[in-house]
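Listing of protein.cif, mmCIF, C-alpha atoms and all ligand atoms
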```cif
data_input
#
loop_
_atom_site.label_atom_id
_atom_site.label_comp_id
_atom_site.auth_asym_id
_atom_site.auth_seq_id
_atom_site.Cartn_x
_atom_site.Cartn_y
_atom_site.Cartn_z
CA MET A 1 0.00 0.00 0.00
CA GLN A 2 1.46 3.35 -0.98
CA GLU A 3 1.71 5.59 2.07
CA MET A 4 -0.19 8.85 2.05
CA THR A 5 1.48 12.06 3.18
CA TYR A 6 -0.23 15.21 4.42
CA ASN A 7 1.44 17.70 2.17
CA THR A 8 1.56 21.42 2.75
CA ASN A 9 0.61 22.31 -0.83
CA SER A 10 -2.74 20.70 -0.36
CA TYR A 11 -4.30 23.81 1.17
CA ASP A 12 -3.76 25.90 -1.95
CA THR A 13 -5.02 23.07 -4.12
CA ALA A 14 -8.09 22.69 -1.91
CA VAL A 15 -8.83 26.42 -2.23
CA GLU A 16 -8.57 26.21 -6.03
CA ILE A 17 -10.85 23.20 -6.29
CA SER A 18 -13.31 24.72 -3.84
CA LYS A 19 -13.60 27.87 -5.94
CA LYS A 20 -14.31 25.83 -9.07
CA ILE A 21 -17.02 23.85 -7.31
CA GLU A 22 -18.53 27.05 -5.94
CA THR A 23 -19.03 28.39 -9.47
CA ASP A 24 -20.22 25.14 -10.98
CA ILE A 25 -22.61 24.06 -8.21
CA VAL A 26 -24.91 27.02 -8.85
CA ASN A 27 -25.41 25.93 -12.46
CA ASN A 28 -25.30 22.17 -11.99
CA PRO A 29 -26.71 21.44 -8.54
CA SER A 30 -27.72 17.88 -9.43
CA LYS A 31 -24.11 16.87 -10.21
CA TYR A 32 -23.35 17.21 -6.54
CA ARG A 33 -24.25 15.59 -3.27
CA VAL A 34 -23.36 17.57 -0.18
CA LEU A 35 -22.58 15.82 3.06
CA THR A 36 -21.88 17.85 6.20
CA GLY A 37 -21.95 17.12 9.87
CA ASP A 38 -21.53 18.26 13.43
CA ARG A 39 -20.82 16.52 16.66
CA PRO A 40 -23.72 16.75 19.12
CA THR A 41 -21.68 18.40 21.88
CA GLY A 42 -23.93 21.41 22.47
CA ARG A 43 -26.04 24.05 20.87
CA LEU A 44 -24.77 26.13 17.97
CA HIS A 45 -23.47 29.68 18.19
CA ILE A 46 -23.28 32.57 15.76
CA GLY A 47 -19.85 31.40 14.55
CA HIS A 48 -21.51 28.20 13.30
CA TYR A 49 -24.36 30.22 11.83
CA PHE A 50 -22.24 32.58 9.74
CA GLY A 51 -19.46 30.06 9.07
CA SER A 52 -21.47 27.04 7.97
CA LEU A 53 -25.21 26.98 8.65
CA GLN A 54 -26.06 29.79 6.27
CA ASN A 55 -24.04 28.08 3.57
CA ARG A 56 -25.84 24.76 4.07
CA VAL A 57 -29.18 26.50 3.81
CA ARG A 58 -28.05 28.20 0.60
CA LEU A 59 -26.80 24.95 -0.96
CA SER A 60 -29.93 23.02 -0.08
CA HIS A 61 -32.07 25.80 -1.55
CA LEU A 62 -30.06 25.57 -4.79
CA GLY A 63 -31.42 22.07 -5.12
CA VAL A 64 -28.22 20.22 -4.19
CA PRO A 65 -29.08 16.97 -2.38
CA THR A 66 -27.88 17.70 1.16
CA MET A 67 -27.21 15.17 3.88
CA ILE A 68 -26.70 16.59 7.36
CA LEU A 69 -25.16 14.09 9.65
CA ILE A 70 -25.02 14.23 13.43
CA ALA A 71 -21.78 12.54 14.45
CA ASP A 72 -22.93 11.03 17.74
CA TYR A 73 -20.42 8.16 17.76
CA GLN A 74 -17.60 10.65 17.34
CA VAL A 75 -18.49 12.25 20.68
CA LEU A 76 -17.24 9.09 22.41
CA THR A 77 -13.72 9.66 21.12
CA ASP A 78 -12.90 12.56 23.43
CA HIS A 79 -15.90 13.18 25.69
CA ASP A 80 -17.03 11.18 28.70
CA ALA A 81 -20.39 12.95 28.86
CA TYR A 82 -22.48 10.54 26.79
CA GLN A 83 -25.54 11.35 28.93
CA GLU A 84 -26.11 14.52 26.94
CA ILE A 85 -25.89 13.06 23.44
CA SER A 86 -29.61 12.63 22.71
CA GLN A 87 -30.50 16.02 24.16
CA ASN A 88 -27.76 17.70 22.15
CA THR A 89 -28.85 15.87 19.01
CA LYS A 90 -32.37 17.27 19.32
CA GLN A 91 -31.04 20.76 19.98
CA LEU A 92 -28.87 20.54 16.87
CA VAL A 93 -31.90 19.63 14.79
CA ILE A 94 -33.77 22.60 16.25
CA ASP A 95 -30.88 24.91 15.34
CA TYR A 96 -30.76 23.51 11.78
CA LEU A 97 -34.48 23.87 11.18
CA ALA A 98 -34.64 27.31 12.79
CA ALA A 99 -31.80 28.44 10.50
CA GLY A 100 -33.84 27.45 7.45
CA ILE A 101 -32.94 23.85 6.60
CA GLU A 102 -36.09 22.27 5.16
CA PRO A 103 -36.07 18.48 5.40
CA SER A 104 -37.35 16.66 2.32
CA GLU A 105 -36.58 13.61 0.20
CA ASN A 106 -33.35 15.36 -0.81
CA VAL A 107 -32.45 17.17 2.40
CA ILE A 108 -32.05 14.82 5.31
CA ILE A 109 -30.84 15.00 8.89
CA TYR A 110 -29.83 11.89 10.85
CA PRO A 111 -27.44 10.64 13.54
CA HIS A 112 -24.80 8.31 12.13
CA SER A 113 -25.43 5.76 14.84
CA TYR A 114 -28.86 5.18 13.25
CA VAL A 115 -27.40 3.88 10.01
CA PRO A 116 -25.96 0.39 10.67
CA GLU A 117 -25.58 -0.39 6.95
CA ALA A 118 -23.19 2.55 6.65
CA ASN A 119 -21.27 1.70 9.81
CA GLN A 120 -20.57 -1.72 8.39
CA LEU A 121 -18.31 -0.06 5.79
CA MET A 122 -15.91 0.69 8.63
CA ILE A 123 -14.57 -2.88 8.53
CA PRO A 124 -13.30 -2.96 4.94
CA PHE A 125 -12.25 0.71 5.12
CA LEU A 126 -10.00 0.03 8.11
CA THR A 127 -8.08 -2.46 6.02
CA LEU A 128 -7.29 0.21 3.44
CA VAL A 129 -5.24 2.49 5.71
CA SER A 130 -2.12 1.91 7.74
CA ASN A 131 -1.55 2.62 11.43
CA ALA A 132 1.19 5.06 10.46
CA GLU A 133 -1.23 7.09 8.37
CA LEU A 134 -3.72 7.30 11.21
CA ASN A 135 -1.01 8.27 13.69
CA ARG A 136 0.16 11.24 11.75
CA ASN A 137 -3.19 12.91 11.04
CA PRO A 138 -2.48 16.51 12.13
CA THR A 139 -6.07 17.29 13.15
CA VAL A 140 -6.28 14.23 15.37
CA LYS A 141 -2.93 15.12 16.95
CA GLU A 142 -4.14 18.64 17.61
CA GLU A 143 -7.40 17.41 19.15
CA ILE A 144 -5.59 15.01 21.43
CA GLN A 145 -3.37 17.82 22.60
CA SER A 146 -6.04 20.44 23.11
CA ALA A 147 -8.37 18.00 24.92
CA GLY A 148 -5.43 17.14 27.21
CA LEU A 149 -6.29 13.45 26.98
CA LYS A 150 -4.27 11.28 29.35
CA SER A 151 -4.86 8.16 27.35
CA VAL A 152 -6.13 8.06 23.82
CA ASN A 153 -8.64 5.44 22.74
CA ALA A 154 -8.44 3.74 19.35
CA GLY A 155 -11.71 5.44 18.36
CA MET A 156 -9.84 8.72 18.37
CA TYR A 157 -7.29 7.49 15.84
CA THR A 158 -9.87 5.78 13.68
CA TYR A 159 -12.69 8.34 13.65
CA PRO A 160 -11.31 9.88 10.44
CA VAL A 161 -11.95 6.48 8.80
CA HIS A 162 -15.46 6.63 10.20
CA GLN A 163 -15.77 10.08 8.73
CA ALA A 164 -14.88 8.56 5.36
CA VAL A 165 -17.78 6.17 5.98
CA ASP A 166 -20.04 9.17 6.69
CA ILE A 167 -19.09 10.78 3.43
CA LEU A 168 -18.81 7.78 1.13
CA PHE A 169 -21.84 5.72 2.14
CA CYS A 170 -24.02 8.19 0.24
CA LYS A 171 -21.37 8.91 -2.40
CA GLY A 172 -21.09 12.47 -1.18
CA ASN A 173 -18.77 14.46 -3.45
CA VAL A 174 -18.79 17.89 -1.79
CA VAL A 175 -18.09 18.46 1.87
CA PRO A 176 -18.42 22.02 3.20
CA VAL A 177 -15.85 22.20 5.99
CA GLY A 178 -13.21 24.35 7.60
CA LYS A 179 -9.49 24.01 7.03
CA ASP A 180 -9.03 21.71 10.03
CA GLN A 181 -11.05 18.99 8.29
CA LEU A 182 -8.87 18.84 5.17
CA PRO A 183 -6.72 15.94 6.41
CA HIS A 184 -9.91 13.91 6.92
CA LEU A 185 -11.01 14.64 3.39
CA GLU A 186 -7.64 13.63 2.05
CA LEU A 187 -7.96 10.36 3.91
CA THR A 188 -11.49 9.92 2.54
CA ARG A 189 -10.21 10.35 -1.02
CA THR A 190 -7.41 7.89 -0.33
CA ILE A 191 -9.85 5.30 0.94
CA ALA A 192 -12.19 5.83 -2.04
CA ARG A 193 -9.29 5.50 -4.48
CA ARG A 194 -7.81 2.43 -2.83
CA PHE A 195 -11.19 0.76 -2.64
CA ASN A 196 -11.89 1.40 -6.31
CA GLU A 197 -8.40 0.30 -7.37
CA LYS A 198 -8.37 -2.83 -5.29
CA PHE A 199 -11.92 -4.10 -5.60
CA CYS A 200 -13.42 -2.55 -8.71
CA THR A 201 -11.33 -4.31 -11.32
CA ASN A 202 -14.40 -5.97 -12.82
CA CYS A 203 -16.99 -3.34 -12.06
CA ALA A 204 -17.41 0.42 -12.25
CA PRO A 205 -15.72 2.38 -9.45
CA VAL A 206 -18.03 2.47 -6.41
CA PHE A 207 -16.88 5.69 -4.75
CA PRO A 208 -16.29 9.29 -5.87
CA GLU A 209 -13.29 11.22 -4.51
CA PRO A 210 -14.97 14.00 -2.53
CA GLN A 211 -13.67 17.55 -2.31
CA ALA A 212 -13.93 20.26 0.34
CA LEU A 213 -16.04 23.34 -0.14
CA LEU A 214 -14.19 25.85 2.01
CA SER A 215 -16.20 28.54 3.78
CA LYS A 216 -15.80 32.06 2.43
CA THR A 217 -16.55 33.58 5.82
CA PRO A 218 -13.38 34.21 7.81
CA SER A 219 -13.33 32.30 11.06
CA ILE A 220 -15.22 34.24 13.72
CA ILE A 221 -13.26 35.25 16.80
CA GLY A 222 -14.93 35.03 20.19
CA LEU A 223 -15.95 38.03 22.27
CA ASP A 224 -12.65 37.83 24.19
CA GLY A 225 -11.06 38.98 20.95
CA THR A 226 -8.35 36.34 20.94
CA GLN A 227 -9.50 32.83 20.04
CA LYS A 228 -11.94 31.23 17.64
CA MET A 229 -15.51 31.47 18.94
CA SER A 230 -16.45 28.34 20.84
CA LYS A 231 -18.90 27.46 23.55
CA SER A 232 -16.25 25.71 25.63
CA ARG A 233 -14.09 28.84 25.70
CA GLY A 234 -17.04 30.86 27.03
CA ASN A 235 -16.61 33.51 24.33
CA ALA A 236 -19.64 32.67 22.18
CA ILE A 237 -23.10 34.06 21.53
CA MET A 238 -25.45 31.11 21.25
CA LEU A 239 -28.21 31.14 18.65
CA CYS A 240 -30.68 30.38 21.44
CA ALA A 241 -29.60 33.37 23.59
CA SER A 242 -32.29 35.98 24.29
CA GLU A 243 -31.96 39.53 23.00
CA ASP A 244 -31.06 40.76 26.48
CA GLU A 245 -28.44 38.05 26.94
CA THR A 246 -27.00 38.97 23.55
CA ALA A 247 -26.80 42.64 24.57
CA ALA A 248 -25.11 41.78 27.88
CA LEU A 249 -22.52 39.56 26.17
CA ILE A 250 -21.68 42.18 23.57
CA LYS A 251 -21.37 44.84 26.27
CA LYS A 252 -18.56 42.80 27.81
CA ALA A 253 -16.80 42.15 24.47
CA LYS A 254 -13.18 43.21 24.33
CA THR A 255 -12.29 46.27 22.23
CA ASP A 256 -9.27 48.56 22.55
CA THR A 257 -8.37 51.96 23.97
CA GLU A 258 -8.55 53.93 20.77
CA ARG A 259 -11.88 55.76 20.52
CA PHE A 260 -12.03 56.41 16.78
CA ILE A 261 -13.34 53.27 15.08
CA THR A 262 -11.45 51.96 12.05
CA TYR A 263 -11.45 48.61 10.30
CA ASP A 264 -7.93 47.28 10.76
CA PRO A 265 -7.91 43.48 11.18
CA VAL A 266 -4.12 43.33 11.68
CA ASN A 267 -3.66 45.99 14.33
CA ARG A 268 -7.16 46.07 15.84
CA PRO A 269 -8.43 42.48 15.64
CA GLU A 270 -11.08 42.85 18.36
CA VAL A 271 -12.72 45.91 16.83
CA ALA A 272 -12.39 44.39 13.34
CA ASN A 273 -14.15 41.23 14.50
CA LEU A 274 -17.14 43.18 15.86
CA LEU A 275 -17.31 45.19 12.63
CA MET A 276 -17.18 41.96 10.64
CA LEU A 277 -20.09 40.58 12.65
CA ILE A 278 -22.16 43.67 11.89
CA SER A 279 -21.18 43.31 8.26
CA LEU A 280 -22.35 39.69 8.22
CA CYS A 281 -25.75 40.84 9.53
CA THR A 282 -26.26 43.91 7.36
CA GLU A 283 -24.16 42.97 4.32
CA GLU A 284 -22.48 46.40 4.34
CA GLU A 285 -18.69 46.55 4.01
CA PRO A 286 -16.92 46.67 7.39
CA GLU A 287 -14.98 49.78 6.29
CA ALA A 288 -18.24 51.62 5.61
CA ILE A 289 -19.63 50.61 9.00
CA ALA A 290 -16.45 51.83 10.71
CA ALA A 291 -16.71 55.15 8.89
CA LYS A 292 -20.29 55.57 10.07
CA ILE A 293 -19.28 55.00 13.69
CA GLY A 294 -16.03 56.97 13.71
CA ASN A 295 -15.96 59.01 16.88
CA GLY A 296 -18.97 57.18 18.27
CA GLY A 297 -16.41 54.80 19.76
CA GLY A 298 -16.71 51.32 21.24
CA GLY A 299 -20.09 52.07 22.83
CA MET A 300 -21.71 52.87 19.53
CA LEU A 301 -20.00 49.91 17.86
CA LYS A 302 -21.46 47.56 20.45
CA ASN A 303 -24.93 49.09 20.26
CA MET A 304 -24.90 48.73 16.51
CA LEU A 305 -23.80 45.11 16.72
CA THR A 306 -26.44 44.28 19.34
CA GLU A 307 -29.15 45.76 17.22
CA ALA A 308 -27.95 44.21 13.95
CA LEU A 309 -27.48 40.76 15.43
CA ASN A 310 -30.75 40.70 17.33
CA GLU A 311 -32.59 41.81 14.24
CA LYS A 312 -30.84 39.27 12.03
CA LEU A 313 -31.53 36.42 14.44
CA ARG A 314 -35.08 37.40 15.41
CA PRO A 315 -36.88 35.13 12.90
CA LEU A 316 -34.54 32.24 13.72
CA ARG A 317 -35.08 32.67 17.44
CA THR A 318 -38.84 32.87 17.09
CA ARG A 319 -38.84 29.71 15.00
CA ARG A 320 -36.50 28.10 17.53
CA LYS A 321 -39.00 28.68 20.35
CA GLN A 322 -41.81 27.18 18.28
CA LEU A 323 -39.72 24.13 17.44
CA GLU A 324 -38.80 23.56 21.08
CA ALA A 325 -42.49 23.12 21.72
CA GLU A 326 -42.76 20.46 19.00
CA PRO A 327 -40.66 17.49 20.18
CA ALA A 328 -42.73 15.01 18.15
CA TYR A 329 -41.89 16.88 14.96
CA ILE A 330 -38.16 16.89 15.78
CA GLN A 331 -38.35 13.17 16.39
CA GLN A 332 -40.15 12.74 13.07
CA VAL A 333 -37.44 14.66 11.18
CA LEU A 334 -34.78 12.38 12.67
CA ASN A 335 -36.78 9.22 11.98
CA ASP A 336 -37.45 10.17 8.37
CA GLY A 337 -33.84 11.21 7.82
CA SER A 338 -32.48 8.02 9.36
CA GLN A 339 -34.80 5.85 7.29
CA ARG A 340 -33.79 7.57 4.08
CA ALA A 341 -30.10 7.33 5.03
CA ARG A 342 -30.52 3.61 5.67
CA GLU A 343 -32.03 3.06 2.23
CA ILE A 344 -29.08 4.83 0.61
CA ALA A 345 -26.57 2.98 2.78
CA ALA A 346 -28.12 -0.43 2.05
CA ARG A 347 -27.70 0.13 -1.68
CA THR A 348 -24.05 1.15 -1.28
CA LEU A 349 -23.35 -1.78 1.04
CA ASP A 350 -24.74 -4.16 -1.59
CA GLU A 351 -22.39 -2.71 -4.20
CA VAL A 352 -19.46 -2.86 -1.79
CA ARG A 353 -20.07 -6.48 -0.79
CA SER A 354 -20.52 -7.47 -4.37
CA ALA A 355 -17.26 -5.73 -5.41
CA MET A 356 -15.44 -7.47 -2.54
CA ASN A 357 -16.73 -10.80 -3.84
CA MET A 358 -18.67 -11.60 -0.70
CA VAL A 359 -22.06 -12.27 -2.20
CA ILE A 360 -22.60 -16.00 -2.23
N1 LIG A 401 -15.26 15.65 12.36
C1 LIG A 401 -16.27 16.68 12.29
C2 LIG A 401 -16.05 17.64 13.47
O1 LIG A 401 -15.33 17.32 14.38
C3 LIG A 401 -17.68 16.12 12.37
C4 LIG A 401 -17.97 15.16 11.27
C5 LIG A 401 -18.15 13.82 11.39
C6 LIG A 401 -18.10 15.46 9.88
N2 LIG A 401 -18.42 13.26 10.20
C7 LIG A 401 -18.40 14.23 9.24
C8 LIG A 401 -18.00 16.63 9.14
C9 LIG A 401 -18.56 14.16 7.86
C10 LIG A 401 -18.18 16.55 7.75
C11 LIG A 401 -18.45 15.32 7.12
O2 LIG A 401 -16.61 18.70 13.48
#
```

For this file, write the structure as structure tokens.
Amino acid sequence: MQEMTYNTNSYDTAVEISKKIETDIVNNPSKYRVLTGDRPTGRLHIGHYFGSLQNRVRLSHLGVPTMILIADYQVLTDHDAYQEISQNTKQLVIDYLAAGIEPSENVIIYPHSYVPEANQLMIPFLTLVSNAELNRNPTVKEEIQSAGLKSVNAGMYTYPVHQAVDILFCKGNVVPVGKDQLPHLELTRTIARRFNEKFCTNCAPVFPEPQALLSKTPSIIGLDGTQKMSKSRGNAIMLCASEDETAALIKKAKTDTERFITYDPVNRPEVANLLMLISLCTEEEPEAIAAKIGNGGGGMLKNMLTEALNEKLRPLRTRRKQLEAEPAYIQQVLNDGSQRAREIAARTLDEVRSAMNMVI
């Protein structure tokens, strides 16, 4: 087996390919199948909304078949708190629907633990990668380090293979993700290629080699002005926050000592981040917003952001409240999605078993 390397040129290549897909997908939505996913570790925040949710809604409305997967098994790799998985799964569905995802035959939401036919692909896939390849996955290494794990379970090293299962069981060919997921996509392509080369000598290739669709939104910094927004860092505004909670959080956001507001991401990252958030809500350029505020200072900047964000999220939050009162509907969305995913997975598993010469 030829060993795969994680090469540093791959980011530029991924950006190029992503741009091409972005242009083509608008004109040829049916050529693509989007597969995206989140771990059910909590509710979503505005970083998720602007960074990925909005994009998923847009793609699904273009008519691209869109599979939204809830990676519940993956939670076990670095979290002990399995008690919260089902609750978090339902909250994720509520966030998706409130943001505008409309489940249908072609837009489905499901937890990957509900699709046994897909999970069965894990066994042949594991035979297509080496231990060395799994050990040097940079994202896995980073996660092990940042979670401060004392001992690392084998699920942690192998979840990228399971992610390949997530993507390939439905022959997903576009995966909207952030940069940190690129090594997993590279592994997914490797597995697809090796499977096709090894087992599809007498049949058509079973799997596509999926590509990343990289988000155009720059990663959103938290209200502390230093790190990426994340619930665990306590620097996030949750989608489910009330308008008053949103105002209080923004009031405490870090700015700087200079009164006159300018958009200068390099020298004034905190102020630039708040301007960028306003810009994401109002679709005005951040420079123009800064010019409007000028001497109004940090106070005016924060008031503007509070107003813009609360207004932008108002319909989502109203819908969110309604959905929280409809648990049977949420359950139904998950049941329908899981059933549809199982049908798709069963077909792929048949092809896979037949290619591997296991049908008697
Ligand atoms: N690994 C992703 C994360 O940590 C979640 C995930 C699991 C995923 N399976 C996926 C993302 C398939 C995209 C496609 O956030």

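Distances from A:Gln339, A:Asn267, A:Thr36, A:Asn295 to Ser60 (chain A) were compared using all atoms listed in the file, and the smallest one belongs to A:Thr36.
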
* Asked: Would you name the residues within 9 Å of ligand LIG 401 (chain A), counting all atoms listed in the file, and put them as a ChimeraX atom specification?
  -> /A:35-39,68-75,112,159-160,162-167,175-178,180-181,184-185

Output C-alpha atoms of each residue in that selection to a file, as an mmCIF file, keeping the file's coordinate frame.
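File part11.cif, as written:
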```cif
data_model
loop_
_atom_site.group_PDB
_atom_site.id
_atom_site.type_symbol
_atom_site.label_atom_id
_atom_site.label_comp_id
_atom_site.auth_asym_id
_atom_site.auth_seq_id
_atom_site.Cartn_x
_atom_site.Cartn_y
_atom_site.Cartn_z
ATOM 1 C CA LEU A 35 -22.580 15.820 3.060
ATOM 2 C CA THR A 36 -21.880 17.850 6.200
ATOM 3 C CA GLY A 37 -21.950 17.120 9.870
ATOM 4 C CA ASP A 38 -21.530 18.260 13.430
ATOM 5 C CA ARG A 39 -20.820 16.520 16.660
ATOM 6 C CA ILE A 68 -26.700 16.590 7.360
ATOM 7 C CA LEU A 69 -25.160 14.090 9.650
ATOM 8 C CA ILE A 70 -25.020 14.230 13.430
ATOM 9 C CA ALA A 71 -21.780 12.540 14.450
ATOM 10 C CA ASP A 72 -22.930 11.030 17.740
ATOM 11 C CA TYR A 73 -20.420 8.160 17.760
ATOM 12 C CA GLN A 74 -17.600 10.650 17.340
ATOM 13 C CA VAL A 75 -18.490 12.250 20.680
ATOM 14 C CA HIS A 112 -24.800 8.310 12.130
ATOM 15 C CA TYR A 159 -12.690 8.340 13.650
ATOM 16 C CA PRO A 160 -11.310 9.880 10.440
ATOM 17 C CA HIS A 162 -15.460 6.630 10.200
ATOM 18 C CA GLN A 163 -15.770 10.080 8.730
ATOM 19 C CA ALA A 164 -14.880 8.560 5.360
ATOM 20 C CA VAL A 165 -17.780 6.170 5.980
ATOM 21 C CA ASP A 166 -20.040 9.170 6.690
ATOM 22 C CA ILE A 167 -19.090 10.780 3.430
ATOM 23 C CA VAL A 175 -18.090 18.460 1.870
ATOM 24 C CA PRO A 176 -18.420 22.020 3.200
ATOM 25 C CA VAL A 177 -15.850 22.200 5.990
ATOM 26 C CA GLY A 178 -13.210 24.350 7.600
ATOM 27 C CA ASP A 180 -9.030 21.710 10.030
ATOM 28 C CA GLN A 181 -11.050 18.990 8.290
ATOM 29 C CA HIS A 184 -9.910 13.910 6.920
ATOM 30 C CA LEU A 185 -11.010 14.640 3.390
#
```

* Asked: From the list A:Thr188, A:Thr41, A:Thr318, A:Gln120, which residue is nearest Leu92 (chain A) when using all atoms listed in the file?
  -> A:Thr41

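Distance-wise, CA of Gln145 (chain A) and CA of Lys216 (chain A) end up 27.6 Å apart.
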
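Taking CA of Ile261 (chain A) and CA of Pro286 (chain A) as the two end points, the separation is 10.7 Å.
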
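Distances here use all atoms listed in the file; by that measure, the residue among A:Lys171, A:Arg233, A:Arg314, A:Lys302 closest to Leu349 (chain A) is A:Lys171.
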
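Nearest to Ile109 (chain A) of all the residues A:Pro65, A:Gly299, A:Gly148, A:Gly51 is A:Pro65, counting only C-alpha atoms.
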
* To do: Work out how far CA of Arg56 (chain A) is from CA of Thr89 (chain A), in Å to one decimal.
  => 17.6 Å

Might I get the box with edges along x, y and z of the file that holds all atoms of region 303-319 of chain A listed there, padded by 8 Å on every side, given as centre and edge lengths in Å to one decimal, as lines of an AutoDock Vina configuration file?
```
center_x = -31.3
center_y = 39.4
center_z = 16.1
size_x = 31.0
size_y = 35.4
size_z = 24.2
```
